[in-house]
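Student: This is the content of query.txt (compact mmCIF, C-alpha atoms and all ligand atoms):
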# COMPACT_ATOMS: atom_id res chain seq x y z
CA MET M 1 -2.12 124.17 -142.76
CA PRO M 2 -2.11 120.40 -142.34
CA GLU M 3 1.01 118.92 -143.92
CA LEU M 4 1.86 115.23 -144.37
CA PRO M 5 2.29 114.40 -140.63
CA GLU M 6 -1.02 116.03 -139.72
CA VAL M 7 -2.94 114.36 -142.56
CA GLU M 8 -1.36 111.01 -141.68
CA THR M 9 -2.37 111.54 -138.03
CA VAL M 10 -5.96 112.26 -139.08
CA ARG M 11 -5.88 109.10 -141.19
CA ARG M 12 -4.58 106.98 -138.32
CA SER M 13 -7.11 108.38 -135.86
CA LEU M 14 -10.07 107.78 -138.17
CA GLU M 15 -8.85 104.36 -139.24
CA LEU M 16 -9.54 103.13 -135.72
CA LEU M 17 -13.04 104.61 -135.67
CA VAL M 18 -15.03 104.63 -138.90
CA PRO M 19 -14.27 101.67 -141.22
CA HIS M 20 -17.01 99.06 -141.59
CA LYS M 21 -19.71 101.11 -139.91
CA GLN M 22 -22.86 101.23 -141.97
CA ILE M 23 -23.50 104.72 -143.35
CA ALA M 24 -27.04 105.96 -142.70
CA ALA M 25 -26.82 109.35 -144.42
CA VAL M 26 -24.40 111.71 -146.14
CA GLU M 27 -25.28 115.39 -146.11
CA ILE M 28 -23.42 118.13 -147.94
CA PHE M 29 -24.22 121.56 -146.52
CA LYS M 30 -21.83 123.49 -148.75
CA PRO M 31 -21.98 122.17 -152.32
CA SER M 32 -19.01 124.29 -153.44
CA LEU M 33 -16.91 121.87 -151.39
CA LEU M 34 -17.46 119.26 -154.11
CA SER M 35 -14.90 119.24 -156.92
CA LEU M 36 -16.15 115.96 -158.37
CA GLY M 37 -19.48 114.28 -157.63
CA ASP M 38 -22.67 116.08 -156.64
CA GLU M 39 -24.83 116.04 -153.52
CA ALA M 40 -26.93 113.18 -154.89
CA ALA M 41 -23.84 111.05 -155.54
CA PHE M 42 -22.65 111.59 -151.97
CA ALA M 43 -26.13 110.91 -150.57
CA ALA M 44 -26.11 107.61 -152.50
CA LEU M 45 -23.23 106.39 -150.30
CA ALA M 46 -25.87 105.68 -147.63
CA GLY M 47 -26.24 101.97 -146.99
CA GLY M 48 -22.57 101.34 -147.74
CA GLU M 49 -19.45 101.71 -145.64
CA ILE M 50 -15.90 102.97 -145.57
CA ALA M 51 -13.70 99.93 -146.19
CA ASP M 52 -10.40 101.60 -145.34
CA ILE M 53 -8.57 104.92 -145.34
CA GLY M 54 -5.43 105.60 -147.35
CA ARG M 55 -3.36 108.71 -147.95
CA ARG M 56 -1.26 110.12 -150.76
CA GLY M 57 0.63 113.34 -150.05
CA LYS M 58 -1.89 115.56 -148.29
CA TYR M 59 -4.92 113.76 -149.80
CA LEU M 60 -7.04 111.36 -147.75
CA LEU M 61 -8.47 108.44 -149.73
CA PHE M 62 -11.58 106.74 -148.33
CA ALA M 63 -12.25 103.42 -150.08
CA MET M 64 -16.03 103.04 -150.22
CA GLN M 65 -18.13 99.85 -150.46
CA PRO M 66 -20.12 98.14 -151.84
CA GLU M 67 -19.87 100.25 -154.98
CA PRO M 68 -16.10 100.63 -155.41
CA LEU M 69 -15.72 104.39 -155.14
CA CYS M 70 -13.03 106.58 -153.64
CA TRP M 71 -13.97 109.59 -151.55
CA VAL M 72 -10.97 111.91 -151.72
CA VAL M 73 -10.54 114.74 -149.20
CA HIS M 74 -7.99 117.57 -149.23
CA LEU M 75 -8.11 119.59 -146.00
CA ARG M 76 -6.19 122.55 -147.47
CA MET M 77 -5.87 125.35 -144.86
CA THR M 78 -8.35 124.64 -142.07
CA GLY M 79 -10.32 121.51 -142.97
CA LYS M 80 -11.02 119.07 -140.12
CA LEU M 81 -12.66 115.66 -140.09
CA LEU M 82 -14.12 115.13 -136.64
CA TYR M 83 -15.57 111.91 -135.30
CA HIS M 84 -18.39 112.15 -132.76
CA GLN M 85 -19.47 109.08 -130.84
CA GLN M 86 -22.88 110.72 -130.32
CA PRO M 87 -24.69 113.08 -132.69
CA GLN M 88 -23.95 116.73 -131.97
CA PRO M 89 -25.66 119.94 -133.05
CA LEU M 90 -24.17 121.38 -136.23
CA GLN M 91 -21.50 124.01 -135.64
CA LYS M 92 -20.61 127.03 -137.71
CA HIS M 93 -18.45 125.91 -140.67
CA ASP M 94 -19.71 122.29 -140.56
CA HIS M 95 -19.89 121.69 -144.31
CA ALA M 96 -20.65 117.96 -144.53
CA ARG M 97 -21.76 115.12 -142.28
CA LEU M 98 -21.71 111.33 -142.54
CA THR M 99 -24.08 109.75 -140.05
CA PHE M 100 -23.54 106.09 -139.22
CA ALA M 101 -26.29 103.61 -138.38
CA ASP M 102 -25.08 103.41 -134.76
CA GLY M 103 -25.64 107.15 -134.27
CA SER M 104 -21.98 108.17 -134.45
CA GLU M 105 -20.97 110.70 -137.09
CA LEU M 106 -18.06 112.08 -139.08
CA VAL M 107 -18.30 115.83 -139.61
CA TYR M 108 -16.28 117.96 -142.00
CA ASN M 109 -15.63 121.44 -140.59
CA ASP M 110 -13.66 124.08 -142.48
CA MET M 111 -13.38 127.65 -141.22
CA ARG M 112 -11.65 129.06 -144.30
CA GLY M 113 -13.55 126.80 -146.66
CA PHE M 114 -10.72 125.91 -149.05
CA GLY M 115 -10.92 122.12 -148.53
CA ARG M 116 -12.26 119.91 -151.33
CA PHE M 117 -14.03 116.56 -151.83
CA TRP M 118 -13.99 114.32 -154.88
CA LEU M 119 -15.98 111.14 -155.44
CA THR M 120 -14.38 108.99 -158.11
CA PRO M 121 -14.45 105.38 -159.27
CA ALA M 122 -11.89 103.34 -157.31
CA GLY M 123 -8.57 102.66 -159.05
CA PRO M 124 -5.99 104.68 -160.93
CA GLU M 125 -8.34 105.93 -163.67
CA GLY M 126 -10.73 107.39 -161.11
CA LEU M 127 -7.95 108.98 -159.08
CA ALA M 128 -6.55 110.53 -162.26
CA GLN M 129 -9.60 112.82 -162.18
CA VAL M 130 -8.47 114.38 -158.88
CA SER M 131 -6.55 117.55 -159.63
CA GLY M 132 -2.95 117.38 -158.46
CA LEU M 133 -3.04 113.80 -157.24
CA ASN M 134 -1.42 112.17 -160.27
CA SER M 135 1.43 114.62 -160.50
CA LEU M 136 2.64 114.16 -156.90
CA GLY M 137 6.29 113.32 -156.40
CA LEU M 138 7.50 110.63 -154.04
CA GLU M 139 7.05 111.16 -150.32
CA PRO M 140 10.18 111.39 -148.15
CA LEU M 141 9.13 108.26 -146.23
CA ASP M 142 8.55 106.19 -149.40
CA ALA M 143 10.95 103.27 -149.73
CA ASP M 144 12.07 104.59 -153.15
CA PHE M 145 12.83 108.09 -151.90
CA SER M 146 16.54 108.93 -151.77
CA ALA M 147 19.01 111.75 -152.26
CA ALA M 148 19.45 110.45 -155.82
CA TYR M 149 15.70 110.84 -156.47
CA TRP M 150 15.76 114.41 -155.09
CA GLN M 151 18.80 115.32 -157.18
CA GLU M 152 17.24 113.90 -160.33
CA LYS M 153 14.05 115.92 -159.73
CA ILE M 154 15.78 119.23 -159.05
CA LYS M 155 18.06 118.96 -162.07
CA ARG M 156 15.14 120.16 -164.21
CA ARG M 157 14.88 123.54 -162.46
CA PRO M 158 18.42 124.68 -161.63
CA ARG M 159 17.44 128.34 -161.17
CA ALA M 160 14.70 127.68 -158.59
CA MET M 161 15.25 128.28 -154.90
CA VAL M 162 15.53 125.27 -152.63
CA LYS M 163 12.61 126.38 -150.44
CA ALA M 164 10.32 126.54 -153.48
CA ALA M 165 11.40 123.04 -154.53
CA LEU M 166 10.64 121.63 -151.08
CA LEU M 167 7.13 123.11 -151.29
CA ASP M 168 6.55 121.83 -154.85
CA GLN M 169 4.38 118.74 -154.44
CA THR M 170 5.48 117.41 -157.85
CA VAL M 171 9.08 117.26 -156.59
CA VAL M 172 8.43 115.80 -153.17
CA ALA M 173 4.95 115.27 -151.72
CA GLY M 174 3.85 116.21 -148.23
CA LEU M 175 6.04 119.11 -147.09
CA GLY M 176 4.51 122.51 -146.41
CA ASN M 177 5.88 125.71 -144.95
CA ILE M 178 6.54 124.44 -141.41
CA TYR M 179 8.48 121.31 -142.31
CA ALA M 180 10.31 122.91 -145.24
CA ASP M 181 11.85 125.46 -142.85
CA GLU M 182 12.70 122.78 -140.30
CA VAL M 183 14.30 120.59 -143.00
CA LEU M 184 16.43 123.50 -144.27
CA PHE M 185 17.61 124.30 -140.74
CA GLN M 186 18.55 120.71 -139.96
CA ALA M 187 20.37 120.40 -143.30
CA GLN M 188 22.03 123.83 -142.76
CA VAL M 189 20.90 125.18 -146.12
CA HIS M 190 19.69 128.77 -146.67
CA PRO M 191 16.12 128.84 -148.09
CA GLU M 192 17.11 131.09 -151.02
CA ARG M 193 19.94 128.88 -152.29
CA LEU M 194 19.56 128.03 -155.97
CA LEU M 195 19.13 124.32 -156.65
CA SER M 196 22.10 124.31 -159.04
CA SER M 197 24.37 125.56 -156.25
CA LEU M 198 23.67 122.71 -153.82
CA THR M 199 26.55 120.37 -153.18
CA GLU M 200 26.26 116.58 -153.06
CA ALA M 201 26.67 116.71 -149.28
CA GLU M 202 23.92 119.32 -148.93
CA ASN M 203 21.52 117.28 -151.04
CA GLN M 204 22.28 114.22 -148.91
CA ARG M 205 21.58 116.21 -145.76
CA LEU M 206 18.33 117.59 -147.19
CA ALA M 207 17.04 114.13 -148.13
CA GLN M 208 17.94 112.79 -144.71
CA ALA M 209 16.35 115.75 -142.92
CA MET M 210 13.10 115.34 -144.89
CA ARG M 211 12.83 111.75 -143.74
CA GLU M 212 13.84 112.34 -140.13
CA ILE M 213 11.65 115.38 -139.54
CA LEU M 214 8.49 113.91 -141.09
CA GLN M 215 9.03 110.69 -139.14
CA ALA M 216 9.57 112.55 -135.87
CA SER M 217 6.50 114.70 -136.44
CA ILE M 218 4.29 111.70 -137.23
CA GLU M 219 5.49 110.14 -133.98
CA GLN M 220 4.36 113.32 -132.18
CA ARG M 221 1.04 113.25 -134.07
CA GLY M 222 1.77 116.42 -136.04
CA THR M 223 2.09 120.11 -135.25
CA THR M 224 -0.72 122.29 -133.89
CA PHE M 225 -0.33 126.05 -134.27
CA ARG M 226 -3.81 127.37 -134.42
CA ASP M 227 -6.48 124.85 -134.98
CA TYR M 228 -5.19 121.56 -136.39
CA VAL M 229 -6.68 118.54 -134.59
CA ASP M 230 -7.00 114.88 -135.53
CA GLY M 231 -10.25 112.94 -135.94
CA ASN M 232 -10.60 112.75 -132.15
CA ASN M 233 -10.22 116.50 -131.69
CA GLN M 234 -6.70 115.96 -130.24
CA LYS M 235 -3.90 118.45 -130.88
CA GLY M 236 -0.47 117.38 -132.13
CA GLY M 237 2.76 117.62 -130.11
CA TYR M 238 5.52 118.47 -132.61
CA GLN M 239 5.24 122.25 -132.02
CA GLU M 240 7.38 121.58 -128.92
CA PHE M 241 10.20 120.29 -131.15
CA LEU M 242 10.30 123.01 -133.81
CA GLN M 243 13.72 124.67 -134.10
CA VAL M 244 13.12 127.75 -136.25
CA PHE M 245 9.54 127.96 -137.57
CA GLN M 246 7.78 131.07 -136.16
CA LYS M 247 10.78 131.78 -133.90
CA LYS M 248 11.85 135.14 -135.34
CA GLY M 249 14.12 136.98 -132.88
CA GLN M 250 14.71 133.93 -130.71
CA PRO M 251 18.18 132.38 -130.35
CA CYS M 252 19.17 129.61 -132.75
CA PRO M 253 19.22 126.31 -130.79
CA LYS M 254 22.61 125.43 -132.37
CA CYS M 255 24.59 128.69 -132.26
CA GLY M 256 22.55 131.33 -130.42
CA ALA M 257 22.29 133.77 -133.36
CA GLU M 258 18.89 135.44 -133.83
CA ILE M 259 16.44 133.55 -136.02
CA GLN M 260 15.36 135.69 -138.98
CA ARG M 261 12.24 135.75 -141.13
CA ILE M 262 12.26 136.53 -144.85
CA LYS M 263 9.80 135.96 -147.71
CA VAL M 264 10.80 133.18 -150.08
CA ALA M 265 8.51 132.00 -152.87
CA GLY M 266 5.78 134.15 -151.32
CA ARG M 267 5.97 132.39 -147.96
CA SER M 268 7.42 133.43 -144.62
CA SER M 269 10.67 131.56 -144.08
CA TYR M 270 12.50 131.22 -140.78
CA PHE M 271 16.21 130.48 -140.70
CA CYS M 272 19.44 131.04 -138.79
CA PRO M 273 21.72 133.48 -140.68
CA HIS M 274 24.80 131.89 -139.09
CA CYS M 275 24.02 128.17 -139.55
CA GLN M 276 22.37 128.62 -142.97
CA VAL M 277 24.64 130.89 -145.03
CA LYS M 278 23.62 131.97 -148.50
ZN ZN S 1 22.47 128.98 -135.80
Represent the supplied structure as structure tokens.
Ligand SMILES: [Zn+2]
Tutor:
Amino acid sequence: MPELPEVETVRRSLELLVPHKQIAAVEIFKPSLLSLGDEAAFAALAGGEIADIGRRGKYLLFAMQPEPLCWVVHLRMTGKLLYHQQPQPLQKHDHARLTFADGSELVYNDMRGFGRFWLTPAGPEGLAQVSGLNSLGLEPLDADFSAAYWQEKIKRRPRAMVKAALLDQTVVAGLGNIYADEVLFQAQVHPERLLSSLTEAENQRLAQAMREILQASIEQRGTTFRDYVDGNNQKGGYQEFLQVFQKKGQPCPKCGAEIQRIKVAGRSSYFCPHCQVK
């Protein structure tokens, strides 16, 4: 599933390609993709352009012109936004297509089909209509993010497990299963530890690990396991740097103990039983 580094990489790749191209047509082939706005509203974007591309958590925010609208995209499990310099035949699971006046196109493909689009008025009131967007916590790379912020947030749910809190987008936005496990390993915290049991030093290490790991992954253009690619159909490189995720049975890179997998908060969690004691 694309997490913050992958969505940011998609944003950066498309930012170099699609803004300020005149849109010739917008076609929605799978209307259930639309959470807000109908096919006619999307078709009416023709004649305008994408002014720029922002991101909040795992949401992509396309600022549209001339009518100030925001096209919001959440890729969920398998959504991809692919830029084609030349028009290409539609593929299976192509659910939407923006065609530009110069013949290039931006295609939304989604094998599992869980991704969503919203079309809202630009500005905070419009974005408030996008489910989940307003309740996002700070992102680890935000200037205001700190160990103090994290500690303040987790105070409200002392009995929750730390892995669940890392995945909770209202606590901290952008982490998913891959980076949560990597953060816990770097910080040497067991995924099932209760939030109330974390020491000041552990919380400091967690906050630092969140920042360092997301930054490092963005620099490697994200992690590709199965099918994540950016807007240029390029895979990420951070899978080469993962320490524990999907490494069950392999030696821990720090101590050599066997990496284990357990279910925490309904998700597979990989950890070292020696470096991350409960
Ligand atoms: Zn270890």
Student: If you take only C-alpha atoms and all ligand atoms and a cut-off of 8 Å, which residues of chain M touch ligand ZN 1 (chain S), and what are their nearest atom pairs and distances in Å to one decimal, in chain and number order, as a Markdown table?
Tutor:
| residue | atom | partner | partner_atom | distance |
| --- | --- | --- | --- | --- |
| M:Pro251 | CA | S:ZN1 | ZN | 7.7 |
| M:Cys252 | CA | S:ZN1 | ZN | 4.5 |
| M:Pro253 | CA | S:ZN1 | ZN | 6.5 |
| M:Lys254 | CA | S:ZN1 | ZN | 4.9 |
| M:Cys255 | CA | S:ZN1 | ZN | 4.1 |
| M:Gly256 | CA | S:ZN1 | ZN | 5.9 |
| M:Ala257 | CA | S:ZN1 | ZN | 5.4 |
| M:Glu258 | CA | S:ZN1 | ZN | 7.6 |
| M:Ile259 | CA | S:ZN1 | ZN | 7.6 |
| M:Cys272 | CA | S:ZN1 | ZN | 4.7 |
| M:Pro273 | CA | S:ZN1 | ZN | 6.7 |
| M:His274 | CA | S:ZN1 | ZN | 5.0 |
| M:Cys275 | CA | S:ZN1 | ZN | 4.1 |
| M:Gln276 | CA | S:ZN1 | ZN | 7.2 |
Student: Of the candidates M:Ser13, M:Ser104, M:Asn177, M:Gln188, which one gets nearest to Gly54 of chain M if we count all atoms listed in the file?
Tutor: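 Checking each of M:Ser13, M:Ser104, M:Asn177, M:Gln188 against Gly54 of chain M, counting all atoms listed in the file, the winner is M:Ser13.
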Student: Leaving out Lys155 of chain M and any residue of its chain fewer than 4 positions from it, which residues lie within 9 Å of it when counting all atoms listed in the file, given as a PDB file with C-alpha atoms, in the coordinates of the input?
Tutor:
ATOM      1  CA  TRP M 150      15.760 114.410-155.090  1.00  0.00           C
ATOM      2  CA  GLN M 151      18.800 115.320-157.180  1.00  0.00           C
ATOM      3  CA  LEU M 195      19.130 124.320-156.650  1.00  0.00           C
ATOM      4  CA  SER M 196      22.100 124.310-159.040  1.00  0.00           C
TER       5      SER M 196
END
Student: To one decimal place, how far is atom CA of Tyr238 of chain M from atom CA of Glu3 of chain M in Å?
Tutor: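 Value for the atom CA of Tyr238 of chain M-atom CA of Glu3 of chain M distance: 12.2 Å.
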Student: So which one's closest to Val130 of chain M, M:Val72, M:Ala44, M:Leu4, M:Leu60? Using only C-alpha atoms, please.
Tutor: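 Among M:Val72, M:Ala44, M:Leu4, M:Leu60, it is M:Val72 that comes nearest to Val130 of chain M.
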Student: Using only C-alpha atoms for the distances, tell me which of M:Val189, M:Leu167, M:Val73, M:Val7 is nearest to Ser131 of chain M.
Tutor: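 Nearest to Ser131 of chain M: M:Val73.
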Student: Name the closest residue to Asp142 of chain M among the candidates M:Tyr83, M:Gln215, M:Glu6, M:Asn232; distances are taken between atoms, counting all atoms listed in the file.
Tutor: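 Under the stated criterion, the closest residue is M:Gln215.
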Student: For atom CA of Asn203 of chain M and atom CA of Pro5 of chain M, determine how far apart the two atoms are, in Å to one decimal place.
Tutor: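 That distance, rounded to one decimal, is 22.1 Å.
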Student: For His20 of chain M, find every residue with an atom within 6 Å (counting all atoms listed in the file), except residues of its own chain fewer than 2 positions away, and show them as a list in words.
Tutor: Glu49, Ile50 and Ala51 of chain M
Student: Using all atoms listed in the file, which residue out of M:Val244, M:Ile218, M:Leu16, M:Val26 lies closest to Leu184 of chain M?
Tutor: M:Val244
Student: With only C-alpha atoms as the basis for distance, which of M:Arg97, M:Arg55, M:Arg11, M:Lys163 is at the shortest distance from His190 of chain M?
Tutor: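 Nearest to His190 of chain M: M:Lys163.
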Student: What lies within 9 Å of Gly132 of chain M using only C-alpha atoms, ignoring chain neighbours under 4 positions off, as a list in words?
Tutor: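 Contacts, in chain order: Ala128, Leu136, Gln169 and Thr170 of chain M.
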Student: Extract, using only C-alpha atoms, all DNA, RNA and protein residues at most 12 Å from Gln208 of chain M, discarding same-chain residues fewer than 6 positions from it, and format them as a JSON list (two decimals) with C-alpha atoms, keeping the file's coordinate frame.
Tutor:
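Listed below is the output, result37.json:
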[["chain", "number", "residue", "atom", "x", "y", "z"],
["M", 140, "PRO", "CA", 10.18, 111.39, -148.15],
["M", 141, "LEU", "CA", 9.13, 108.26, -146.23],
["M", 145, "PHE", "CA", 12.83, 108.09, -151.90],
["M", 146, "SER", "CA", 16.54, 108.93, -151.77],
["M", 147, "ALA", "CA", 19.01, 111.75, -152.26],
["M", 148, "ALA", "CA", 19.45, 110.45, -155.82],
["M", 150, "TRP", "CA", 15.76, 114.41, -155.09],
["M", 183, "VAL", "CA", 14.30, 120.59, -143.00],
["M", 184, "LEU", "CA", 16.43, 123.50, -144.27],
["M", 186, "GLN", "CA", 18.55, 120.71, -139.96],
["M", 187, "ALA", "CA", 20.37, 120.40, -143.30],
["M", 188, "GLN", "CA", 22.03, 123.83, -142.76],
["M", 201, "ALA", "CA", 26.67, 116.71, -149.28],
["M", 202, "GLU", "CA", 23.92, 119.32, -148.93],
["M", 214, "LEU", "CA", 8.49, 113.91, -141.09],
["M", 215, "GLN", "CA", 9.03, 110.69, -139.14]]
Student: Contacts of Ala122 of chain M at 6 Å or less, counting only C-alpha atoms, minus same-chain residues fewer than 4 places along, as a ChimeraX atom specification?
Tutor: /M:68-70,126
Student: Atom CA of Ala41 of chain M to atom CA of Asn109 of chain M: how many Å, to one decimal?
Tutor: 20.0 Å
Student: Once you count all atoms listed in the file, which residues end up no further than 8 Å from (-6.2, 104.0, -143.8) in the file's frame, shown as a short mmCIF file (atom, residue, chain, number, x, y, z; two decimals) with C-alpha atoms, in the coordinates of the input?
Tutor:
data_model
loop_
_atom_site.label_atom_id
_atom_site.label_comp_id
_atom_site.auth_asym_id
_atom_site.auth_seq_id
_atom_site.Cartn_x
_atom_site.Cartn_y
_atom_site.Cartn_z
CA ARG M 11 -5.88 109.10 -141.19
CA ARG M 12 -4.58 106.98 -138.32
CA LEU M 14 -10.07 107.78 -138.17
CA GLU M 15 -8.85 104.36 -139.24
CA ASP M 52 -10.40 101.60 -145.34
CA ILE M 53 -8.57 104.92 -145.34
CA GLY M 54 -5.43 105.60 -147.35
CA ARG M 55 -3.36 108.71 -147.95
CA LEU M 61 -8.47 108.44 -149.73
CA PHE M 62 -11.58 106.74 -148.33
#
Student: Segment 17-27 of chain M, all listed atoms, 4 Å padding on each side: what axis-aligned box centre and edge lengths in Å to one decimal come out, as AutoDock Vina command-line options?
Tutor:
--center_x -20.0 --center_y 107.2 --center_z -140.9 --size_x 22.0 --size_y 24.3 --size_z 18.5
